[in-house]
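Taking it in order: structure first as structure tokens, then the write-up.
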Amino acid sequence: MLHFYPSLKRFICTELTSGYFLEHNEAKYTEQREKVYTCMRIPKELEKLMLFGFFLCMDAFLYAFTLLPLRVLLAALRLLTLPCCGFSGTRLLQPAQVCDVLKALILVLCYSMMHYLDYAMIYHLIRGQSVIKLYLIFNMLEVADRLFSSFGQDILDALYWTATEPKARKRDNIGVIPHFIMAVFYVLLHTILIMVQASTLNVAFNSHNKSLLTIMMSNNFVEIKGNVFKKIGKQNLFQMSNSDIKERFTSYILLLIVVLRNMEQFAWNLGHLWKLIPVVVMVVVSEVAVDIVKHAFVTKFNNISAEVYSEYRTDLAFELLSSRQKNAYTDYSDTVARRMGFIPLPSAILLIRVVMSSVKVQGALAYTCVLLLYLGLLTLKVLNSIMLLGKSCVLIKRANMEDKLYEQPSTETVCSATGTAPTASIASTCQNRPTTPPPEPEQPIPSLSKEEEGEPGATSELKHRTPKKELLELDHYTDCGGRID
């Protein structure tokens with residue numbers, strides 16, 4: 001026992017006075033601190049990307065209400081003035097005008113067919129189901145919406161290309177009819193699907209104990225389990241970010257439809273609107289919180305810096321400016337659809353259907369209000385486009401990508417087969433396909449790189465530029481559930 005006490009004394013003294021030095025493993029602790037700082041910067045950088053993507057989706061969505069009717073009117077005037085001005089070309093309409101006319105026809109036909117569906121009947125049919133059934137239905141609708149968005153743009157692209165591709169015989173134009181029927185059928189089904197989604201959300205809003213709404217909101221947290229614990233690279237994170245932008249914008253449209261339907265049922269009583277606002281805010285906050293938590297842990301587990309979201313914004317800005325040039329081979333609204341999986345036509349048809357059924361337009365004053373509303377939407381569309389173009393120019397200039405923006409696109413690349421059918425504006429480009437053989441490749445002259453010459457900052461500049469090059473090489477026909485080549 002006497003020998004035990006000195007050992008115990010030394011052990012206690014060692015436990016109380018022993019020390020350690022964190023600087024012995026400085027790299028490890030510095031990395032851990034950077035991960036914490038990255039998680040703290042994620043909300044700001046992510047919301048910048050989400051806001052930029054939101055305005056991109058809104059620009060494409062407002063296009064169906066504002067500029068599309070005007071472009072169709074100009075196409076109709078061109079057809080009417082052709083006999084007077086003389087026909088001196090190979091086309092009655094330009095490829096872009098043909099696409100606008102097809103979009104307008106699809107919108108009008110689907111809107112007229114939606115009148116045969118009773119929104120109130122669908123609402124009460126869904127309301128009679130149990131909570132568990134509604135939860136399963138809502139999850140199935142979300143999956144179906146992603147599948148429809150992924151395949152729908154391919155159907156529309158096939159229609160546009162079939163209608164505008166150069167044809168040797170006039171009888172080849174008959175092939176447009178089955179593609180047009182298929183496109184109308186798709187847009188109608190997608191519109192009905194979004195209507196059922198809105199009805200399910202409306203039932204959740206009007207439930208007495210809000211249990212269904214709580215269950216549907218908790219469904220967002222399932223995304224964290226499905227994405228956080230996976231190996232995700234920068235390209236996959238870009239794809240996931242675009243999908244989140246589309247989901248958030250679509251949820252805002254559904255909330256707008258729910259509010260309009262509820263206000264109609266309560267005779268536009270503003271007191272009921274104040275009761276709906278807290279529920280709407282709760283749904284929006286849950287969406288934002290889930291996205292922030294998901295992206296924060298994805299970047300943490302995959303060692304991705306927060307600056308990657310700035311590169312994503314630059315890539316979206318590059319695509320926007322590229323689609324605005326004269327040599328562009330796709331419409332900017334189609335670019336948004338491919339990148340984010342957002343197709344404006346079904347949502348636009350449903351919103352018009354809900355607004356026309358909720359508001360009775362009668363008399364000269366009502367039509368004047370409709371005209372003022374159209375002018376207001378047109379003004380909003382123009383201002384939003386100007387803001388997006390200005391911000392995109394700032395992002396491109398900050399990334400030193402002006403030279404890449406003004407490069408002429410390769411005609412062979414545009415006209416070659418890609419996983420999906422090309423868009424309509426490629427038709428005029430493919431007519432002037434160059435037949436000269438490509439020039440012989442020049443022999444590269446060996447030279448020292450910046451890193452070998454020892455220039456300061458060369459390594460950091462290369463590290464900053466490489467992710468942008470990878471992102472720009474992504475497949476531009478990517479959908480929300482598509483592939484990354």
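FYI, nothing fancy with the structure tokens labels: chains A, B, ... in order, residues from 1 per chain, ligands from 1 as they appear.
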Subject >> Spatial neighbours of Met240 of chain A, max dist 10 Å, only C-alpha atoms, sep filter under 4 positions, as a VMD selection string >> reply: chain A and resid 227 232 234 to 236 244 to 246 295 340 480 to 481
**OP:** Give me every helix (DSSP H, G or I) residue in segment 201-374 of chain A, going by DSSP on the backbone, as number ranges by chain.
**Re:** A: 201-206, 211-227, 234-265, 270-301, 308-323, 332-340, 344-358, 364-374
**OP:** Would you mind listing what lies within 12 Å of Asn302 of chain A as a count of residues only, with only C-alpha atoms counted and same-chain residues fewer than 4 positions away left out?
**Re:** 17
Subject >> Nearest to Met217 of chain A by atom-to-atom distance, counting only C-alpha atoms, from A:Ser251, A:Ser112, A:Ser385, A:Gln97 >> reply: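 The answer is A:Ser251, which sits nearest to Met217 of chain A.
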Original post:
Counting only C-alpha atoms, what is within 12 Å of Gln265 of chain A, bar same-chain residues fewer than 6 positions away, as number ranges by chain?
Top reply: A: 120, 202, 206, 258-259, 272-273, 357-359
Subject >> Top pick for closest residue to Ile181 of chain A, considering A:Leu77, A:Pro278, A:Cys110, A:Val382 and counting only C-alpha atoms >> reply: A:Cys110
Subject >> From A:Met282, A:Met356, A:Ala267, A:Ile386, residue lying nearest Thr214 of chain A [only C-alpha atoms] >> reply: A:Met282
Original post:
Of the residues A:Phe138, A:Phe249, A:Phe238, A:Phe342, which is the one nearest to Phe55 of chain A, using only C-alpha atoms?
Top reply: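 Nearest to Phe55 of chain A: A:Phe249.
Separating atom CA of Glu223 of chain A from atom CA of Asp291 of chain A is a distance of 8.8 Å.
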Subject >> Non-local contacts of Leu320 of chain A (10 Å; only C-alpha atoms; under 2 positions in same chain excluded) as a PyMOL selection string >> reply: chain A and resi 56+314-318+322-325+331-333+335-336+388-389+392-393
